[in-house]
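Coordinates as given in data39.cif (mmCIF, C-alpha atoms and all ligand atoms):
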data_query
#
loop_
_atom_site.label_atom_id
_atom_site.label_comp_id
_atom_site.auth_asym_id
_atom_site.auth_seq_id
_atom_site.Cartn_x
_atom_site.Cartn_y
_atom_site.Cartn_z
CA MET A 1 15.12 -5.72 9.02
CA MET A 2 12.62 -3.26 10.43
CA GLY A 3 9.30 -2.31 8.85
CA PRO A 4 10.41 0.80 6.95
CA SER A 5 13.35 -1.04 5.34
CA HIS A 6 11.13 -3.93 4.29
CA ALA A 7 8.52 -1.58 2.81
CA LEU A 8 11.16 0.47 0.99
CA SER A 9 12.79 -2.66 -0.44
CA GLY A 10 9.41 -3.79 -1.77
CA ALA A 11 8.71 -0.41 -3.36
CA ALA A 12 12.20 -0.32 -4.90
CA ALA A 13 11.83 -3.85 -6.30
CA TRP A 14 8.49 -3.07 -7.95
CA LEU A 15 9.63 0.27 -9.40
CA ALA A 16 12.89 -1.18 -10.72
CA GLY A 17 11.03 -4.16 -12.18
CA SER A 18 8.45 -1.88 -13.83
CA TRP A 19 11.25 0.18 -15.31
CA ALA A 20 13.03 -2.94 -16.61
CA LEU A 21 9.77 -4.25 -18.11
CA ALA A 22 9.13 -0.93 -19.84
CA GLN A 23 12.70 -0.68 -21.04
CA PHE A 24 13.31 -4.22 -22.26
CA ALA A 25 9.90 -5.78 -22.82
CA GLY A 26 7.90 -2.75 -23.89
CA VAL A 27 5.35 -3.26 -21.09
CA SER A 28 3.92 0.15 -20.36
CA GLN A 29 1.85 0.97 -17.29
CA SER A 30 -0.06 4.10 -16.45
CA PRO A 31 1.24 6.14 -13.49
CA LEU A 32 -1.73 4.90 -11.44
CA GLU A 33 -0.96 1.26 -12.26
CA VAL A 34 2.66 1.76 -11.23
CA ALA A 35 1.56 3.50 -8.02
CA VAL A 36 -0.92 0.74 -7.14
CA GLY A 37 1.65 -1.98 -7.89
CA THR A 38 4.28 -0.17 -5.82
CA ALA A 39 1.95 0.26 -2.83
CA VAL A 40 0.85 -3.37 -3.01
CA CYS A 41 4.44 -4.61 -3.31
CA ALA A 42 5.57 -2.41 -0.40
CA GLY A 43 2.66 -3.77 1.66
CA GLY A 44 3.46 -7.31 0.53
CA ALA A 45 7.00 -6.80 1.77
CA LEU A 46 5.55 -6.40 5.29
CA LEU A 47 3.02 -9.20 5.09
CA PRO A 48 5.31 -12.04 6.33
CA ASP A 49 5.82 -10.22 9.63
CA LEU A 50 2.09 -10.41 10.35
CA ASP A 51 3.25 -13.55 12.17
CA MET A 52 4.37 -11.38 15.09
CA SER A 53 1.58 -10.82 17.51
CA GLY A 54 1.19 -7.72 19.61
CA LYS A 55 2.90 -9.01 22.70
CA VAL A 56 6.37 -8.80 21.18
CA THR A 57 8.44 -5.75 22.02
CA ARG A 58 8.37 -2.84 19.66
CA ASN A 59 11.18 -2.07 17.19
CA GLN A 60 11.02 -5.51 15.69
CA GLY A 61 8.91 -4.40 12.78
CA GLY A 62 6.25 -7.07 12.99
CA ALA A 63 4.55 -5.70 16.04
CA THR A 64 4.30 -2.36 14.27
CA VAL A 65 2.73 -3.98 11.21
CA ALA A 66 0.29 -5.83 13.41
CA ARG A 67 -1.03 -2.52 14.73
CA THR A 68 -1.83 -1.11 11.27
CA PHE A 69 -5.59 -1.54 11.67
CA GLY A 70 -5.71 -1.52 15.45
CA VAL A 71 -7.16 -4.48 17.32
CA ALA A 72 -8.37 -6.08 14.07
CA SER A 73 -4.87 -6.55 12.71
CA LEU A 74 -3.51 -7.51 16.14
CA PHE A 75 -6.05 -10.30 16.14
CA VAL A 76 -5.09 -11.34 12.59
CA ALA A 77 -1.43 -11.40 13.63
CA GLU A 78 -2.29 -13.63 16.59
CA VAL A 79 -4.12 -16.04 14.27
CA VAL A 80 -1.33 -16.00 11.66
CA GLU A 81 1.30 -16.66 14.34
CA LYS A 82 -0.63 -19.60 15.81
CA PHE A 83 -1.41 -21.00 12.35
CA SER A 84 2.27 -20.75 11.35
CA LEU A 85 3.28 -22.50 14.56
CA GLY A 86 0.74 -25.20 13.73
CA VAL A 87 2.27 -25.71 10.26
CA TYR A 88 5.72 -25.81 11.86
CA THR A 89 4.76 -28.36 14.47
CA ALA A 90 2.86 -30.51 11.98
CA THR A 91 5.73 -30.68 9.47
CA LYS A 92 8.79 -30.59 11.71
CA LEU A 93 11.21 -33.49 11.49
CA SER A 94 13.18 -35.10 14.30
CA ARG A 95 16.06 -32.63 14.16
CA ASP A 96 13.95 -29.48 13.98
CA PRO A 97 13.81 -27.86 17.43
CA ARG A 98 10.55 -27.51 19.31
CA ARG A 99 9.06 -24.04 19.12
CA ASP A 100 6.37 -22.20 20.99
CA ASN A 101 6.18 -19.18 18.66
CA GLY A 102 5.48 -19.18 14.95
CA HIS A 103 7.50 -16.09 13.98
CA ARG A 104 9.74 -16.58 10.93
CA THR A 105 8.25 -19.93 10.04
CA PHE A 106 5.47 -20.54 7.48
CA THR A 107 5.04 -16.93 6.34
CA HIS A 108 8.77 -16.79 5.60
CA THR A 109 8.75 -19.60 3.00
CA LEU A 110 8.51 -19.53 -0.80
CA PRO A 111 5.30 -21.65 -0.87
CA PHE A 112 3.65 -18.97 1.28
CA CYS A 113 4.70 -16.26 -1.22
CA ALA A 114 3.35 -18.31 -4.11
CA LEU A 115 0.10 -19.10 -2.27
CA ILE A 116 -0.60 -15.51 -1.27
CA GLY A 117 0.25 -14.27 -4.79
CA TRP A 118 -2.01 -16.86 -6.37
CA GLY A 119 -4.80 -16.05 -3.90
CA THR A 120 -4.56 -12.35 -4.66
CA THR A 121 -4.73 -12.91 -8.43
CA ALA A 122 -7.61 -15.36 -8.00
CA LEU A 123 -9.56 -12.79 -5.95
CA ALA A 124 -8.85 -9.99 -8.43
CA THR A 125 -9.82 -12.19 -11.37
CA ALA A 126 -13.03 -13.44 -9.76
CA TYR A 127 -14.29 -10.16 -8.34
CA GLY A 128 -12.52 -7.58 -10.53
CA LYS A 129 -12.34 -4.00 -9.47
CA TRP A 130 -13.95 -4.41 -6.03
CA ALA A 131 -11.48 -7.10 -5.00
CA VAL A 132 -8.71 -4.84 -6.22
CA VAL A 133 -10.05 -2.03 -4.05
CA GLY A 134 -10.12 -4.31 -0.99
CA ILE A 135 -6.60 -5.57 -1.64
CA VAL A 136 -5.33 -2.03 -2.21
CA PHE A 137 -6.99 -0.90 1.05
CA PHE A 138 -5.28 -3.61 3.07
CA MET A 139 -1.90 -3.38 1.36
CA ALA A 140 -1.82 0.43 1.34
CA GLY A 141 -2.40 0.35 5.10
CA LEU A 142 0.60 -1.93 5.59
CA ALA A 143 2.68 0.19 3.19
CA LEU A 144 1.80 3.44 4.98
CA ARG A 145 2.58 1.90 8.32
CA GLY A 146 5.89 0.64 6.98
CA LEU A 147 7.05 3.59 4.92
CA PHE A 148 5.99 6.33 7.31
CA ASP A 149 6.36 4.52 10.60
CA GLU A 150 6.91 7.58 12.78
CA TRP A 151 3.96 9.42 11.27
CA ALA A 152 1.79 6.30 11.56
CA GLU A 153 2.79 5.82 15.17
CA ARG A 154 1.87 9.41 16.01
CA ALA A 155 -1.28 9.46 13.91
CA GLY A 156 -2.60 6.16 15.27
CA TRP A 157 -4.41 3.36 13.49
CA VAL A 158 -7.65 5.29 12.85
CA ILE A 159 -5.86 7.84 10.68
CA VAL A 160 -3.85 5.12 8.91
CA THR A 161 -7.08 3.24 8.18
CA LEU A 162 -8.76 6.41 6.87
CA ALA A 163 -5.74 7.18 4.66
CA SER A 164 -5.81 3.63 3.25
CA ALA A 165 -9.53 3.98 2.60
CA PHE A 166 -8.88 7.21 0.72
CA ILE A 167 -6.21 5.55 -1.42
CA ALA A 168 -8.57 2.64 -2.12
CA TRP A 169 -11.38 5.06 -3.03
CA PHE A 170 -9.08 7.02 -5.33
CA THR A 171 -8.00 3.77 -6.99
CA ALA A 172 -11.61 2.67 -7.44
CA ALA A 173 -12.55 6.01 -8.96
CA ASN A 174 -9.69 5.99 -11.47
CA LEU A 175 -8.92 2.38 -12.29
CA PRO A 176 -10.58 0.94 -15.41
CA GLY A 177 -12.99 -1.79 -14.31
CA ASP A 178 -12.72 -4.18 -17.23
CA ARG A 179 -9.55 -6.06 -16.40
CA GLY A 180 -8.31 -8.91 -14.22
CA TYR A 181 -5.30 -7.14 -12.72
CA PRO A 182 -3.04 -10.23 -12.72
CA LEU A 183 -0.09 -8.00 -11.81
CA LEU A 184 -1.48 -7.49 -8.30
CA GLY A 185 -0.76 -11.08 -7.27
CA LEU A 186 2.72 -10.74 -8.70
CA ALA A 187 3.24 -7.56 -6.67
CA VAL A 188 2.18 -9.26 -3.42
CA ALA A 189 4.32 -12.34 -4.12
CA ILE A 190 7.40 -10.32 -5.08
CA GLY A 191 6.94 -8.21 -1.95
CA CYS A 192 6.93 -11.38 0.19
CA VAL A 193 10.02 -12.76 -1.55
CA VAL A 194 11.85 -9.45 -1.08
CA HIS A 195 10.92 -9.56 2.63
CA ILE A 196 12.40 -13.04 2.98
CA LEU A 197 15.59 -11.99 1.19
CA GLY A 198 15.81 -9.01 3.55
CA ASP A 199 15.49 -11.26 6.60
CA MET A 200 18.18 -13.57 5.20
CA ILE A 201 20.86 -10.93 5.66
CA THR A 202 19.92 -10.41 9.32
CA LYS A 203 20.70 -12.71 12.23
CA ASN A 204 19.05 -16.14 12.41
CA GLY A 205 18.01 -16.43 8.75
CA VAL A 206 14.74 -17.81 7.38
CA PRO A 207 13.49 -21.33 6.50
CA ILE A 208 13.61 -20.64 2.77
CA LEU A 209 14.14 -24.31 1.82
CA TRP A 210 10.86 -25.49 3.41
CA PRO A 211 9.37 -27.99 2.57
CA ILE A 212 12.51 -29.73 1.31
CA PRO A 213 13.75 -32.17 3.98
CA ILE A 214 17.53 -32.14 4.46
CA ASN A 215 19.26 -34.17 7.16
CA ARG A 216 16.03 -34.81 9.04
CA ARG A 217 15.33 -31.10 9.15
CA MET A 218 12.65 -29.33 7.20
CA TRP A 219 12.95 -25.93 8.86
CA ARG A 220 16.63 -25.20 8.48
CA MET A 221 17.23 -21.48 8.97
CA VAL A 222 19.14 -20.23 5.96
CA GLY A 223 21.01 -16.93 5.92
CA ILE A 224 24.41 -15.39 5.90
CA PRO A 225 26.65 -16.22 8.91
CA ASN A 226 25.64 -14.38 12.07
CA SER A 227 29.03 -12.66 12.26
CA MET A 228 28.37 -10.96 8.91
CA ALA A 229 24.68 -10.37 9.47
CA VAL A 230 23.18 -6.89 9.24
CA ARG A 231 22.15 -5.73 12.73
CA VAL A 232 18.42 -5.05 12.85
CA GLY A 233 17.94 -1.30 13.14
CA GLY A 234 21.72 -0.73 12.91
CA LYS A 235 23.59 1.80 10.79
CA VAL A 236 24.00 -0.46 7.75
CA GLU A 237 20.27 -1.07 7.63
CA VAL A 238 19.03 2.42 8.46
CA ILE A 239 21.57 4.43 6.47
CA VAL A 240 23.14 2.27 3.73
CA LEU A 241 20.25 0.01 2.78
CA ARG A 242 17.44 2.55 3.08
CA THR A 243 19.41 5.09 1.06
CA ALA A 244 20.09 2.48 -1.62
CA PHE A 245 16.39 1.50 -1.81
CA THR A 246 15.34 5.15 -2.00
CA VAL A 247 17.85 5.93 -4.77
CA ILE A 248 16.77 2.85 -6.77
CA SER A 249 13.13 3.92 -6.40
CA LEU A 250 13.74 7.51 -7.49
CA LEU A 251 15.91 6.49 -10.46
CA SER A 252 13.26 4.00 -11.59
CA ILE A 253 10.50 6.61 -11.33
CA ALA A 254 12.63 9.00 -13.39
CA GLY A 255 13.38 6.24 -15.92
CA LEU A 256 9.69 5.34 -16.15
CA PHE A 257 8.12 8.75 -16.44
CA VAL A 258 10.64 11.43 -17.28
CA PRO A 259 11.37 10.21 -20.85
CA GLY A 260 7.63 10.22 -21.49
CA VAL A 261 7.44 13.78 -20.22
CA LEU A 262 10.36 14.77 -22.43
CA GLU A 263 8.78 13.15 -25.47
CA ARG A 264 5.56 14.99 -24.86
CA LEU A 265 7.40 18.26 -24.55
CA ASN A 266 9.16 17.55 -27.84
CA LEU A 267 5.83 16.77 -29.49
CA ASP A 268 4.44 20.05 -28.23
CA VAL A 269 7.43 21.85 -29.71
CA TRP A 270 6.81 20.03 -32.99
CA ALA A 271 3.12 20.81 -32.94
CA SER A 272 3.68 24.50 -32.33
CA ARG A 273 6.05 24.83 -35.25
ZN ZN A 301 10.32 -11.21 8.71
#
Produce structure tokens that represent the structure in this file.
Ligand SMILES: [Zn+2]
Amino acid sequence: MMGPSHALSGAAAWLAGSWALAQFAGVSQSPLEVAVGTAVCAGGALLPDLDMSGKVTRNQGGATVARTFGVASLFVAEVVEKFSLGVYTATKLSRDPRRDNGHRTFTHTLPFCALIGWGTTALATAYGKWAVVGIVFFMAGLALRGLFDEWAERAGWVIVTLASAFIAWFTAANLPGDRGYPLLGLAVAIGCVVHILGDMITKNGVPILWPIPINRRMWRMVGIPNSMAVRVGGKVEVIVLRTAFTVISLLSIAGLFVPGVLERLNLDVWASR
């Protein structure tokens, strides 16, 4: 899938999950907490494609993500791609093909999702609010780039970076500083998992079983058959899936906040009687 679809799927997953938690487990979050979690999850849903360096043609999502923060993120993408290729080459078994590019390898595995989620929570726990601000800055940049790709392309990376900085500043100014924010790691990890699931329905699949060796292969690409696969950037993805993700997001937002608004209105009516 392309960047905007990945970002939307991450946002939808976090909003729907927040709604379900509020509905069935009584976990309530402030609007800001939901917004931060949604942005971080949407950004997390783009993170695995940071394994596509800038040389790849546009329209494949990853290259777009890699340009979020200009040359800095292009460089990071180059490093992530080479590192992933290194992990692939080091752990490949006799039946795994040789590769010279790390795209859709290590960053598209469940251990990567778990690792990045754990790392995020560890950072937020150790450094509190300031780590949260840094994470929000980075993730909001990815989310903006993903969700508003045409705007981001026109505006350029400087504007995207400034907008992310503004979001991070706003978060810092309004977020209570006395907590560990364990949900942030969860948001990043869920975003990554949602990304991998999204790639599974497109051609070629992802190595989701790594590192379980099966038939002398550790990097088996798992996905639906190519004949049924969703074409990247095709009608199913751009119209059907994006509409579905948007509807899920909007319904969840309504479910999360509209009842509260109604209750408050009722209270006001009561109070004025
Ligand atoms: Zn991907």
Could you list the protein, DNA and RNA residues that have any atom within 12 Å of ligand ZN 301 (chain A), counting all atoms listed in the file, and write them as a ChimeraX atom specification?
/A:1-3,5-7,44-52,60-63,65,81,102-109,191-208,232
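For the choices A:Ala90, A:Val188, A:Leu8, A:Ala163, the atom-to-atom distance to A:Cys113 is smallest for A:Val188 when using only C-alpha atoms.
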Between A:Ile248, A:Met218, A:Leu241, A:Val27, which one has atoms that come closest to A:Pro97, using all atoms listed in the file?
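Residue with the minimum atom-to-atom distance to A:Pro97: A:Met218.
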Applying 12 Å and all atoms listed in the file, which residues near stretch 243-245 of chain A remain after dropping the ones on its own chain fewer than 5 positions away? List them as a PDB file with C-alpha atoms, keeping the file's coordinate frame.
ATOM      1  CA  PRO A   4      10.410   0.800   6.950  1.00  0.00           C
ATOM      2  CA  SER A   5      13.350  -1.040   5.340  1.00  0.00           C
ATOM      3  CA  HIS A   6      11.130  -3.930   4.290  1.00  0.00           C
ATOM      4  CA  ALA A   7       8.520  -1.580   2.810  1.00  0.00           C
ATOM      5  CA  LEU A   8      11.160   0.470   0.990  1.00  0.00           C
ATOM      6  CA  SER A   9      12.790  -2.660  -0.440  1.00  0.00           C
ATOM      7  CA  GLY A  10       9.410  -3.790  -1.770  1.00  0.00           C
ATOM      8  CA  ALA A  11       8.710  -0.410  -3.360  1.00  0.00           C
ATOM      9  CA  ALA A  12      12.200  -0.320  -4.900  1.00  0.00           C
ATOM     10  CA  ALA A  13      11.830  -3.850  -6.300  1.00  0.00           C
ATOM     11  CA  TRP A  14       8.490  -3.070  -7.950  1.00  0.00           C
ATOM     12  CA  LEU A  15       9.630   0.270  -9.400  1.00  0.00           C
ATOM     13  CA  ALA A  16      12.890  -1.180 -10.720  1.00  0.00           C
ATOM     14  CA  ALA A  42       5.570  -2.410  -0.400  1.00  0.00           C
ATOM     15  CA  LEU A 147       7.050   3.590   4.920  1.00  0.00           C
ATOM     16  CA  VAL A 194      11.850  -9.450  -1.080  1.00  0.00           C
ATOM     17  CA  GLY A 198      15.810  -9.010   3.550  1.00  0.00           C
ATOM     18  CA  LYS A 235      23.590   1.800  10.790  1.00  0.00           C
ATOM     19  CA  VAL A 236      24.000  -0.460   7.750  1.00  0.00           C
ATOM     20  CA  GLU A 237      20.270  -1.070   7.630  1.00  0.00           C
ATOM     21  CA  VAL A 238      19.030   2.420   8.460  1.00  0.00           C
ATOM     22  CA  LEU A 250      13.740   7.510  -7.490  1.00  0.00           C
ATOM     23  CA  LEU A 251      15.910   6.490 -10.460  1.00  0.00           C
ATOM     24  CA  SER A 252      13.260   4.000 -11.590  1.00  0.00           C
TER      25      SER A 252
END
Which residues come within 10 Å of stretch 124-127 of chain A, counting only C-alpha atoms, excluding same-chain residues fewer than 6 positions away, as a PyMOL selection string?
chain A and resi 118+133-135+179-185
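With only C-alpha atoms taken into account, the protein and nucleic acid residues at most 8 Å from A:Asn215 (excluding it and anything under 2 positions from it in its own chain) are Arg95, Pro213 and Arg217 of chain A.
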Shell around A:Leu144 at 12 Å using only C-alpha atoms, local window under 2 positions removed, as a PyMOL selection string:
chain A and resi 3-4+6-8+11+38-46+64-65+67-69+136-142+146-153+155-157+159-165+167
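Proximity to A:Ile214 was assessed for A:Ala22, A:Ser94, A:Trp130, A:Ala229 counting all atoms listed in the file; the smallest distance is recorded for A:Ser94.
The two atoms in question, atom CA of A:Ala254 and atom CA of A:Ser28, are spaced 14.2 Å apart.
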Rounded to one decimal place, report the atom CA of A:Val87-atom CA of A:Phe75 distance in Å.
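Between atom CA of A:Val87 and atom CA of A:Phe75 the gap is 18.5 Å.
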Which is closer to A:Leu110 than all the others in A:Pro225, A:Gly86, A:Gly128, A:Pro211, using only C-alpha atoms?
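Ranked by minimum distance to A:Leu110, first place goes to A:Pro211.
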If I only have part of stretch 68-104 of chain A, can you fill in N, CA and C atoms and write it as a PDB file, keeping the file's coordinate frame?
ATOM      1  N   THR A  68      -1.372  -1.950  12.371  1.00  0.00           N
ATOM      2  CA  THR A  68      -1.830  -1.110  11.270  1.00  0.00           C
ATOM      3  C   THR A  68      -3.310  -0.758  11.383  1.00  0.00           C
ATOM      4  N   PHE A  69      -4.146  -1.763  11.602  1.00  0.00           N
ATOM      5  CA  PHE A  69      -5.590  -1.540  11.670  1.00  0.00           C
ATOM      6  C   PHE A  69      -6.106  -1.772  13.096  1.00  0.00           C
ATOM      7  N   GLY A  70      -5.282  -1.397  14.060  1.00  0.00           N
ATOM      8  CA  GLY A  70      -5.710  -1.520  15.450  1.00  0.00           C
ATOM      9  C   GLY A  70      -5.912  -2.951  15.893  1.00  0.00           C
ATOM     10  N   VAL A  71      -6.928  -3.165  16.739  1.00  0.00           N
ATOM     11  CA  VAL A  71      -7.160  -4.480  17.320  1.00  0.00           C
ATOM     12  C   VAL A  71      -7.404  -5.531  16.247  1.00  0.00           C
ATOM     13  N   ALA A  72      -8.047  -5.120  15.133  1.00  0.00           N
ATOM     14  CA  ALA A  72      -8.370  -6.080  14.070  1.00  0.00           C
ATOM     15  C   ALA A  72      -7.102  -6.745  13.549  1.00  0.00           C
ATOM     16  N   SER A  73      -6.070  -5.938  13.252  1.00  0.00           N
ATOM     17  CA  SER A  73      -4.870  -6.550  12.710  1.00  0.00           C
ATOM     18  C   SER A  73      -4.045  -7.249  13.795  1.00  0.00           C
ATOM     19  N   LEU A  74      -4.161  -6.793  15.035  1.00  0.00           N
ATOM     20  CA  LEU A  74      -3.510  -7.510  16.140  1.00  0.00           C
ATOM     21  C   LEU A  74      -4.081  -8.921  16.251  1.00  0.00           C
ATOM     22  N   PHE A  75      -5.397  -8.995  16.088  1.00  0.00           N
ATOM     23  CA  PHE A  75      -6.050 -10.300  16.140  1.00  0.00           C
ATOM     24  C   PHE A  75      -5.595 -11.178  14.986  1.00  0.00           C
ATOM     25  N   VAL A  76      -5.554 -10.585  13.760  1.00  0.00           N
ATOM     26  CA  VAL A  76      -5.090 -11.340  12.590  1.00  0.00           C
ATOM     27  C   VAL A  76      -3.677 -11.869  12.829  1.00  0.00           C
ATOM     28  N   ALA A  77      -2.812 -11.004  13.391  1.00  0.00           N
ATOM     29  CA  ALA A  77      -1.430 -11.400  13.630  1.00  0.00           C
ATOM     30  C   ALA A  77      -1.368 -12.579  14.603  1.00  0.00           C
ATOM     31  N   GLU A  78      -2.229 -12.536  15.621  1.00  0.00           N
ATOM     32  CA  GLU A  78      -2.290 -13.630  16.590  1.00  0.00           C
ATOM     33  C   GLU A  78      -2.654 -14.942  15.883  1.00  0.00           C
ATOM     34  N   VAL A  79      -3.660 -14.852  14.999  1.00  0.00           N
ATOM     35  CA  VAL A  79      -4.120 -16.040  14.270  1.00  0.00           C
ATOM     36  C   VAL A  79      -3.015 -16.546  13.339  1.00  0.00           C
ATOM     37  N   VAL A  80      -2.380 -15.607  12.603  1.00  0.00           N
ATOM     38  CA  VAL A  80      -1.330 -16.000  11.660  1.00  0.00           C
ATOM     39  C   VAL A  80      -0.175 -16.663  12.402  1.00  0.00           C
ATOM     40  N   GLU A  81       0.179 -16.095  13.556  1.00  0.00           N
ATOM     41  CA  GLU A  81       1.300 -16.660  14.340  1.00  0.00           C
ATOM     42  C   GLU A  81       0.963 -18.079  14.798  1.00  0.00           C
ATOM     43  N   LYS A  82      -0.238 -18.274  15.323  1.00  0.00           N
ATOM     44  CA  LYS A  82      -0.630 -19.600  15.810  1.00  0.00           C
ATOM     45  C   LYS A  82      -0.740 -20.589  14.649  1.00  0.00           C
ATOM     46  N   PHE A  83      -1.281 -20.120  13.514  1.00  0.00           N
ATOM     47  CA  PHE A  83      -1.410 -21.000  12.350  1.00  0.00           C
ATOM     48  C   PHE A  83      -0.023 -21.430  11.871  1.00  0.00           C
ATOM     49  N   SER A  84       0.919 -20.449  11.796  1.00  0.00           N
ATOM     50  CA  SER A  84       2.270 -20.750  11.350  1.00  0.00           C
ATOM     51  C   SER A  84       2.930 -21.757  12.283  1.00  0.00           C
ATOM     52  N   LEU A  85       2.713 -21.568  13.584  1.00  0.00           N
ATOM     53  CA  LEU A  85       3.280 -22.500  14.560  1.00  0.00           C
ATOM     54  C   LEU A  85       2.686 -23.892  14.347  1.00  0.00           C
ATOM     55  N   GLY A  86       1.393 -23.929  14.007  1.00  0.00           N
ATOM     56  CA  GLY A  86       0.740 -25.200  13.730  1.00  0.00           C
ATOM     57  C   GLY A  86       1.374 -25.895  12.532  1.00  0.00           C
ATOM     58  N   VAL A  87       1.635 -25.137  11.451  1.00  0.00           N
ATOM     59  CA  VAL A  87       2.270 -25.710  10.260  1.00  0.00           C
ATOM     60  C   VAL A  87       3.666 -26.212  10.630  1.00  0.00           C
ATOM     61  N   TYR A  88       4.365 -25.421  11.435  1.00  0.00           N
ATOM     62  CA  TYR A  88       5.720 -25.810  11.860  1.00  0.00           C
ATOM     63  C   TYR A  88       5.674 -27.137  12.617  1.00  0.00           C
ATOM     64  N   THR A  89       4.820 -27.177  13.608  1.00  0.00           N
ATOM     65  CA  THR A  89       4.760 -28.360  14.470  1.00  0.00           C
ATOM     66  C   THR A  89       4.316 -29.588  13.677  1.00  0.00           C
ATOM     67  N   ALA A  90       3.391 -29.388  12.743  1.00  0.00           N
ATOM     68  CA  ALA A  90       2.860 -30.510  11.980  1.00  0.00           C
ATOM     69  C   ALA A  90       3.889 -31.063  10.992  1.00  0.00           C
ATOM     70  N   THR A  91       4.808 -30.224  10.519  1.00  0.00           N
ATOM     71  CA  THR A  91       5.730 -30.680   9.470  1.00  0.00           C
ATOM     72  C   THR A  91       7.166 -30.808   9.962  1.00  0.00           C
ATOM     73  N   LYS A  92       7.402 -30.560  11.248  1.00  0.00           N
ATOM     74  CA  LYS A  92       8.790 -30.590  11.710  1.00  0.00           C
ATOM     75  C   LYS A  92       9.311 -32.023  11.762  1.00  0.00           C
ATOM     76  N   LEU A  93      10.586 -32.180  11.460  1.00  0.00           N
ATOM     77  CA  LEU A  93      11.210 -33.490  11.490  1.00  0.00           C
ATOM     78  C   LEU A  93      12.006 -33.631  12.792  1.00  0.00           C
ATOM     79  N   SER A  94      12.604 -34.807  12.981  1.00  0.00           N
ATOM     80  CA  SER A  94      13.180 -35.100  14.300  1.00  0.00           C
ATOM     81  C   SER A  94      14.259 -34.109  14.717  1.00  0.00           C
ATOM     82  N   ARG A  95      14.981 -33.537  13.766  1.00  0.00           N
ATOM     83  CA  ARG A  95      16.060 -32.630  14.160  1.00  0.00           C
ATOM     84  C   ARG A  95      15.650 -31.164  14.240  1.00  0.00           C
ATOM     85  N   ASP A  96      14.425 -30.864  13.825  1.00  0.00           N
ATOM     86  CA  ASP A  96      13.950 -29.480  13.980  1.00  0.00           C
ATOM     87  C   ASP A  96      13.636 -29.250  15.450  1.00  0.00           C
ATOM     88  N   PRO A  97      14.089 -28.115  16.011  1.00  0.00           N
ATOM     89  CA  PRO A  97      13.810 -27.860  17.430  1.00  0.00           C
ATOM     90  C   PRO A  97      12.328 -27.615  17.681  1.00  0.00           C
ATOM     91  N   ARG A  98      11.916 -27.870  18.911  1.00  0.00           N
ATOM     92  CA  ARG A  98      10.550 -27.510  19.310  1.00  0.00           C
ATOM     93  C   ARG A  98      10.412 -26.004  19.383  1.00  0.00           C
ATOM     94  N   ARG A  99       9.257 -25.490  19.028  1.00  0.00           N
ATOM     95  CA  ARG A  99       9.060 -24.040  19.120  1.00  0.00           C
ATOM     96  C   ARG A  99       7.748 -23.750  19.814  1.00  0.00           C
ATOM     97  N   ASP A 100       7.673 -22.585  20.442  1.00  0.00           N
ATOM     98  CA  ASP A 100       6.370 -22.200  20.990  1.00  0.00           C
ATOM     99  C   ASP A 100       5.911 -20.856  20.415  1.00  0.00           C
ATOM    100  N   ASN A 101       6.598 -20.406  19.340  1.00  0.00           N
ATOM    101  CA  ASN A 101       6.180 -19.180  18.660  1.00  0.00           C
ATOM    102  C   ASN A 101       6.390 -19.364  17.169  1.00  0.00           C
ATOM    103  N   GLY A 102       5.429 -18.910  16.379  1.00  0.00           N
ATOM    104  CA  GLY A 102       5.480 -19.180  14.950  1.00  0.00           C
ATOM    105  C   GLY A 102       6.220 -18.145  14.122  1.00  0.00           C
ATOM    106  N   HIS A 103       6.829 -17.142  14.770  1.00  0.00           N
ATOM    107  CA  HIS A 103       7.500 -16.090  13.980  1.00  0.00           C
ATOM    108  C   HIS A 103       8.637 -16.658  13.133  1.00  0.00           C
ATOM    109  N   ARG A 104       8.744 -16.136  11.902  1.00  0.00           N
ATOM    110  CA  ARG A 104       9.740 -16.580  10.930  1.00  0.00           C
ATOM    111  C   ARG A 104       9.629 -18.070  10.610  1.00  0.00           C
TER     112      ARG A 104
END
